[in-house]
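For reference, model-v1.csv is printed below; it contains CSV, C-alpha atoms.
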chain,number,residue,atom,x,y,z
A,1,MET,CA,-23.6,1.3,-7.7
A,2,SER,CA,-25.8,-1.8,-7.8
A,3,LEU,CA,-25.3,-4.6,-10.4
A,4,ASN,CA,-28.5,-3.4,-12.2
A,5,ASP,CA,-27.0,0.1,-12.4
A,6,PHE,CA,-23.8,-1.3,-13.8
A,7,LEU,CA,-25.4,-3.5,-16.4
A,8,LEU,CA,-28.1,-1.0,-17.5
A,9,ASP,CA,-26.7,2.5,-17.0
A,10,ALA,CA,-22.9,2.2,-17.1
A,11,THR,CA,-20.9,4.1,-19.6
A,12,PRO,CA,-18.8,2.1,-22.1
A,13,THR,CA,-15.6,3.0,-20.3
A,14,VAL,CA,-16.8,1.2,-17.1
A,15,ALA,CA,-16.0,-2.5,-16.8
A,16,MET,CA,-16.6,-5.2,-14.3
A,17,VAL,CA,-13.5,-6.8,-12.7
A,18,GLU,CA,-13.5,-10.2,-11.0
A,19,CYS,CA,-11.5,-10.9,-7.9
A,20,ILE,CA,-10.7,-14.2,-6.2
A,21,GLU,CA,-9.5,-14.5,-2.6
A,22,ILE,CA,-8.1,-17.9,-1.5
A,23,GLY,CA,-7.0,-18.3,2.1
A,24,HIS,CA,-6.4,-20.6,5.0
A,25,SER,CA,-5.9,-19.8,8.7
A,26,LEU,CA,-2.4,-21.3,8.6
A,27,TRP,CA,-1.2,-19.3,5.6
A,28,PRO,CA,0.8,-16.1,6.2
A,29,ALA,CA,-1.6,-14.2,3.9
A,30,PRO,CA,-4.5,-15.1,1.5
A,31,LEU,CA,-3.9,-15.2,-2.2
A,32,ARG,CA,-5.7,-12.3,-3.9
A,33,TYR,CA,-6.0,-12.3,-7.7
A,34,VAL,CA,-7.9,-10.1,-10.2
A,35,LEU,CA,-8.8,-11.8,-13.4
A,36,ASN,CA,-9.4,-9.0,-15.9
A,37,SER,CA,-7.2,-6.1,-15.0
A,38,GLY,CA,-3.6,-6.1,-16.0
A,39,LEU,CA,-2.7,-3.8,-13.1
A,40,PRO,CA,-3.0,-4.4,-9.4
A,41,ILE,CA,-6.1,-2.9,-7.9
A,42,ASP,CA,-6.9,-1.8,-4.3
A,43,VAL,CA,-10.5,-2.5,-3.3
A,44,LEU,CA,-12.6,-2.2,-0.2
A,45,HIS,CA,-14.3,-5.4,1.0
A,46,GLY,CA,-17.9,-5.5,2.2
A,47,ASP,CA,-16.6,-5.6,5.8
A,48,GLY,CA,-14.6,-2.4,5.3
A,49,THR,CA,-11.1,-3.9,5.0
A,50,GLN,CA,-8.9,-2.8,2.2
A,51,ALA,CA,-7.0,-5.3,0.1
A,52,THR,CA,-4.8,-5.4,-3.0
A,53,TYR,CA,-5.4,-7.9,-5.8
A,54,GLU,CA,-2.6,-8.8,-8.2
A,55,TYR,CA,-3.3,-9.8,-11.8
A,56,MET,CA,-3.3,-13.6,-12.5
A,57,PRO,CA,-4.6,-15.1,-15.8
A,58,LEU,CA,-7.0,-17.5,-14.0
A,59,GLN,CA,-9.6,-19.7,-15.6
A,60,LEU,CA,-12.9,-19.4,-13.8
A,61,LYS,CA,-16.1,-21.2,-14.4
A,62,ARG,CA,-19.1,-20.3,-12.3
A,63,GLY,CA,-21.5,-23.1,-11.7
A,64,THR,CA,-24.9,-21.5,-11.0
A,65,ALA,CA,-26.7,-18.2,-10.6
A,66,THR,CA,-25.4,-15.8,-7.9
A,67,ASN,CA,-28.7,-15.8,-5.9
A,68,ASP,CA,-29.0,-19.3,-4.7
A,69,LEU,CA,-27.4,-21.3,-1.9
A,70,GLU,CA,-25.6,-23.9,-4.1
A,71,GLN,CA,-22.6,-21.9,-5.4
A,72,THR,CA,-19.7,-23.6,-7.2
A,73,LEU,CA,-16.6,-22.3,-8.9
A,74,LYS,CA,-14.0,-24.2,-10.8
A,75,ILE,CA,-10.7,-22.3,-10.8
A,76,THR,CA,-7.4,-23.0,-12.5
A,77,VAL,CA,-4.4,-21.1,-11.2
A,78,PRO,CA,-1.4,-21.2,-13.6
A,79,ASP,CA,1.0,-21.2,-10.7
A,80,LEU,CA,3.9,-23.1,-12.4
A,81,GLY,CA,4.6,-24.8,-9.1
A,82,GLN,CA,5.8,-21.6,-7.4
A,83,VAL,CA,3.4,-20.5,-4.6
A,84,VAL,CA,0.5,-23.0,-4.2
A,85,PRO,CA,2.5,-26.2,-3.6
A,86,GLY,CA,4.3,-24.5,-0.6
A,87,LEU,CA,1.0,-23.4,0.8
A,88,LEU,CA,-0.5,-26.8,0.4
A,89,LYS,CA,2.5,-28.3,2.2
A,90,ILE,CA,1.8,-26.1,5.2
A,91,ILE,CA,-1.7,-27.6,5.4
A,92,ARG,CA,-0.4,-31.2,5.0
A,93,ASP,CA,2.3,-30.7,7.6
A,94,ALA,CA,-0.2,-29.4,10.1
A,95,ASP,CA,-2.4,-32.5,9.5
A,96,THR,CA,-5.6,-30.4,9.7
A,97,GLU,CA,-9.0,-31.1,8.3
A,98,GLU,CA,-9.6,-27.4,7.7
A,99,ARG,CA,-10.0,-26.7,4.0
A,100,PRO,CA,-8.9,-23.4,2.2
A,101,TYR,CA,-11.7,-20.9,1.7
A,102,VAL,CA,-12.6,-19.0,-1.4
A,103,VAL,CA,-14.3,-15.6,-1.8
A,104,TYR,CA,-15.5,-14.3,-5.2
A,105,ARG,CA,-16.1,-10.6,-5.7
A,106,THR,CA,-16.8,-8.4,-8.6
A,107,TYR,CA,-16.3,-4.6,-8.8
A,108,SER,CA,-17.1,-1.9,-11.2
A,109,THR,CA,-14.0,0.0,-12.4
A,110,ALA,CA,-15.9,3.2,-11.5
A,111,ASN,CA,-16.2,2.2,-7.8
A,112,TYR,CA,-13.8,-0.1,-6.0
A,113,SER,CA,-15.3,0.6,-2.6
A,114,THR,CA,-18.4,-1.6,-2.9
A,115,PRO,CA,-18.5,-5.0,-4.4
A,116,LEU,CA,-21.2,-5.6,-7.0
A,117,ILE,CA,-21.3,-9.3,-6.2
A,118,GLU,CA,-19.7,-11.1,-3.2
A,119,ILE,CA,-19.9,-14.9,-2.9
A,120,ASP,CA,-18.5,-15.9,0.5
A,121,GLY,CA,-18.6,-19.3,2.3
A,122,LEU,CA,-17.0,-21.3,-0.4
A,123,TRP,CA,-14.6,-24.1,0.5
A,124,VAL,CA,-12.1,-26.0,-1.7
A,125,GLU,CA,-13.6,-29.5,-2.3
A,126,ASP,CA,-11.2,-31.2,-4.6
A,127,LYS,CA,-7.9,-30.3,-6.4
A,128,SER,CA,-5.6,-31.5,-9.0
A,129,ALA,CA,-2.1,-30.2,-9.7
A,130,ASN,CA,0.7,-30.6,-12.2
A,131,SER,CA,3.8,-28.6,-12.9
A,132,GLU,CA,1.9,-25.9,-14.7
A,133,ALA,CA,-1.3,-25.3,-12.8
A,134,VAL,CA,-3.6,-26.1,-9.9
A,135,THR,CA,-7.2,-26.7,-10.6
A,136,PHE,CA,-9.8,-26.9,-7.9
A,137,THR,CA,-13.5,-26.7,-7.2
A,138,ALA,CA,-14.8,-24.4,-4.5
A,139,ALA,CA,-18.4,-25.0,-3.4
A,140,SER,CA,-20.7,-23.8,-0.6
A,141,SER,CA,-21.4,-26.2,2.3
A,142,ARG,CA,-24.2,-28.5,1.3
A,143,THR,CA,-27.1,-26.8,3.0
A,144,ASN,CA,-30.0,-28.9,1.9
A,145,VAL,CA,-28.6,-32.5,1.6
A,146,ASN,CA,-31.2,-33.9,4.0
A,147,GLY,CA,-34.8,-33.0,3.9
A,148,THR,CA,-36.7,-31.9,7.0
A,149,GLY,CA,-38.9,-35.0,6.9
A,150,MET,CA,-42.0,-32.8,6.9
A,151,ILE,CA,-44.3,-32.8,3.8
A,152,TYR,CA,-45.9,-29.4,3.2
A,153,SER,CA,-49.3,-30.0,1.7
A,154,VAL,CA,-52.4,-27.9,1.3
A,155,ASP,CA,-54.3,-30.2,3.8
A,156,GLU,CA,-51.8,-29.4,6.6
A,157,PHE,CA,-51.1,-25.8,5.6
A,158,PRO,CA,-54.1,-24.2,3.9
A,159,SER,CA,-52.3,-20.9,3.4
A,160,LEU,CA,-50.0,-22.6,0.8
A,161,ARG,CA,-52.9,-23.0,-1.6
A,162,ALA,CA,-51.8,-20.1,-3.7
A,163,PHE,CA,-48.4,-21.8,-4.4
A,164,PHE,CA,-49.9,-25.0,-5.8
For this file, produce the structure as structure tokens.
Amino acid sequence: MSLNDFLLDATPTVAMVECIEIGHSLWPAPLRYVLNSGLPIDVLHGDGTQATYEYMPLQLKRGTATNDLEQTLKITVPDLGQVVPGLLKIIRDADTEERPYVVYRTYSTANYSTPLIEIDGLWVEDKSANSEAVTFTAASSRTNVNGTGMIYSVDEFPSLRAFF
């Protein structure tokens, strides 16, 4: 089922669930949370691996559309100081520059075997924590920070005339 099928042809009993995976190579296992399903769900990732997502009342703000290269997510995990501080301590103790990764997936409740949306390649950029929650921003690597230095003009590339 594609996203268009879900939005245009889905029955009212079908809903979209959002899943967040947060991981690091030093952690024993990634954190996998589902936002809008009170029960744990078993899903199949795009690469064919199966995973279980536990419910967590996260706050999630998506920055831009899902079809461009500049993706950002602002996520608040109401951890109450139980899990996340220990995982962050593992990273600090290892003195590594590697940042945790984030993968955002959505599924239809009618089909947990194929994600409707999958945003991969996000890295934790900044975080703030208190005794109640951890808030962080996950963003894609800045792919177009520097220009190529080449100016594309109609004089140099006549085939671009239709775009001007």
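In this model, the gap between CA of Arg62 (chain A) and CA of Gly86 (chain A) comes to 26.5 Å.
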Report task. Identify which of the residues A:Glu132, A:Glu156, A:Asp47, A:Asp126 lies closest to Val83 (chain A), counting only C-alpha atoms when measuring atom-to-atom distances. Result -> A:Glu132
Distance table requested - region 35-154 of chain A against region 26-29 of chain A, cut-off 9 Å, all atoms listed in the file: one row per qualifying residue with the closest atom pair and its distance in Å to one decimal, ordered by chain and rising residue number, as a tab-separated table.
residue	atom	partner	partner_atom	distance
A:Leu87	CA	A:Trp27	CA	6.7
A:Ile90	CA	A:Leu26	CA	7.2
A:Ile91	CA	A:Leu26	CA	7.1
A:Ala94	CA	A:Leu26	CA	8.5
Report task. May I have the residues within 10 Å of Pro78 (chain A) as a VMD selection string, using all atoms listed in the file and disregarding those fewer than 3 positions away in the same chain? Result -> chain A and resid 56 to 59 75 81 to 82 84 129 to 135
Report task. Take CA of Arg92 (chain A) and CA of His24 (chain A) and report the distance between them in Å, one decimal. Result -> 12.2 Å
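Compared by their closest atoms to Tyr112 (chain A), and using only C-alpha atoms, the residues A:Pro30, A:Gly23, A:Gly38, A:Gly46 rank with A:Gly46 nearest.
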Query raised in the report: What is the distance between CA of Glu125 (chain A) and CA of Asp95 (chain A), in Å to one decimal?
Result: 16.5 Å
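The shell of residues at most 12 Å from Gln50 (chain A), with only C-alpha atoms counted and near chain neighbours (fewer than 3 positions) removed, consists of A:Arg32, A:Ile41, A:Asp42, A:Val43, A:Leu44, A:His45, A:Gly46, A:Asp47, A:Tyr53, A:Tyr112, A:Ser113, A:Thr114, A:Pro115.
Comparing A:Ile20, A:Thr96, A:Ser37, A:Lys74 by their smallest distance to Ala51 (chain A), the closest is A:Ile20 (using all atoms listed in the file).
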Could you list, as an mmCIF file with C-alpha atoms, keeping the file's coordinate frame, every residue within 7 Å of Val14 (chain A), counting all atoms listed in the file and ignoring same-chain residues fewer than 6 positions away?
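Dumped everything to selection20.cif:
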data_model
loop_
_atom_site.group_PDB
_atom_site.id
_atom_site.type_symbol
_atom_site.label_atom_id
_atom_site.label_comp_id
_atom_site.auth_asym_id
_atom_site.auth_seq_id
_atom_site.Cartn_x
_atom_site.Cartn_y
_atom_site.Cartn_z
ATOM 1 C CA SER A 108 -17.100 -1.900 -11.200
ATOM 2 C CA THR A 109 -14.000 0.000 -12.400
ATOM 3 C CA ALA A 110 -15.900 3.200 -11.500
#
Contacts of Tyr55 (chain A) at 6 Å or less, counting only C-alpha atoms, minus same-chain residues fewer than 5 places along, as a PDB file with C-alpha atoms, keeping the file's coordinate frame?
ATOM      1  CA  TYR A  33      -6.000 -12.300  -7.700  1.00  0.00           C
ATOM      2  CA  VAL A  34      -7.900 -10.100 -10.200  1.00  0.00           C
ATOM      3  CA  GLY A  38      -3.600  -6.100 -16.000  1.00  0.00           C
ATOM      4  CA  PRO A  40      -3.000  -4.400  -9.400  1.00  0.00           C
TER       5      PRO A  40
END
As a PDB file with C-alpha atoms, in the frame of the given file, please: the residues near Phe163 (chain A) (cut-off 10 Å, all atoms listed in the file, same-chain neighbours under 3 positions excluded).
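Everything below was put into part27.pdb:
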ATOM      1  CA  VAL A 154     -52.400 -27.900   1.300  1.00  0.00           C
ATOM      2  CA  SER A 159     -52.300 -20.900   3.400  1.00  0.00           C
ATOM      3  CA  LEU A 160     -50.000 -22.600   0.800  1.00  0.00           C
TER       4      LEU A 160
END
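Take the candidates A:Val77, A:Ser153, A:Lys89, A:Glu21 and check each one against Leu122 (chain A) using only C-alpha atoms; the shortest distance goes to A:Glu21.
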